[in-house]
Amino acid sequence: MNYQKLDAALATALNDAQNSEEINLGVFIHTEPILNSAATAVLESLGVSGVTSGKDIFTATLSANAISQLSEQPWVMSLKRSQQLRLVNKRINTPKLGV
């Protein structure tokens with residue numbers, strides 16, 4: 001595993017992973033802009049969808065083993081943990097301030 005390509009959140013999640021084969025980590029994969037057919041094949045074999053030449057950021061849900069494999073590829077620039085988003089229009093109950 002090349003930890004230099006991982007952000008802190010992803011490295012922490014990998015260290016906490018109980019099962020390295022479980023596909024449960026959402027990641028952003030930053031690659032070189034022009035991928036050759038071998039790089040495209042690696043991404044597709046790991047279940048990354050929408051792999052086209054000219055794109056350099058991909059999203060996927062991967063296992064710890066798959067992330068380890070990707071981190072060793074020379075055409076992968078970095079891997080970052082994707083966080084679960086929350087709705088922004090959800091009302092928060094806050095007390096009203098009186099003057």
# chains A, B, ... in the order shown; residues from 1 in each chain; ligands from 1
>>> residues_around(residues="region 19-26 of chain A", least_positions_apart="3", cutoff="12 Å", atoms="only C-alpha atoms", output="JSON, numbers by chain")
{"A": [9, 10, 11, 12, 13, 14, 15, 16, 29, 46, 47, 48, 58, 59, 60, 61, 62, 63, 64, 65, 66, 67, 68, 69, 79, 80, 81, 82, 83, 84, 85]}
>>> select_by_dssp(residues="chain A", states="strand (DSSP E)", output="list in words")
Leu25, Gly26, Val27, Phe28, Ile29, His30, Thr31, Ile57, Phe58, Thr59, Ala60, Thr61, Leu62, Val76, Met77, Ser78, Leu79, Lys80 and Arg81 of chain A
>>> select_by_dssp(residues="chain A", states="alpha helix (DSSP H)", output="ChimeraX atom specification")
/A:8-16,37-45,64-71
>>> residues_around(residues="Trp75 (chain A)", least_positions_apart="6", cutoff="12 Å", atoms="only C-alpha atoms", output="list in words")
Lys5, Ile29, His30, Thr31, Glu32, Pro33, Ile34, Leu35, Asn36, Ser37, Ala38, Ala39, Thr40, Val42, Leu43, Asp56, Ile57 and Gln69 of chain A
>>> closest_residue(among="A:Met77, A:Met1, A:Ala8, A:Leu70", to="Glu44 (chain A)", atoms="only C-alpha atoms")
A:Leu70
>>> atom_distance(atom1="CA of Val76 (chain A)", atom2="CA of Gln18 (chain A)")
24.9 Å
>>> atom_distance(atom1="CA of Ser78 (chain A)", atom2="CA of Gly54 (chain A)")
16.7 Å
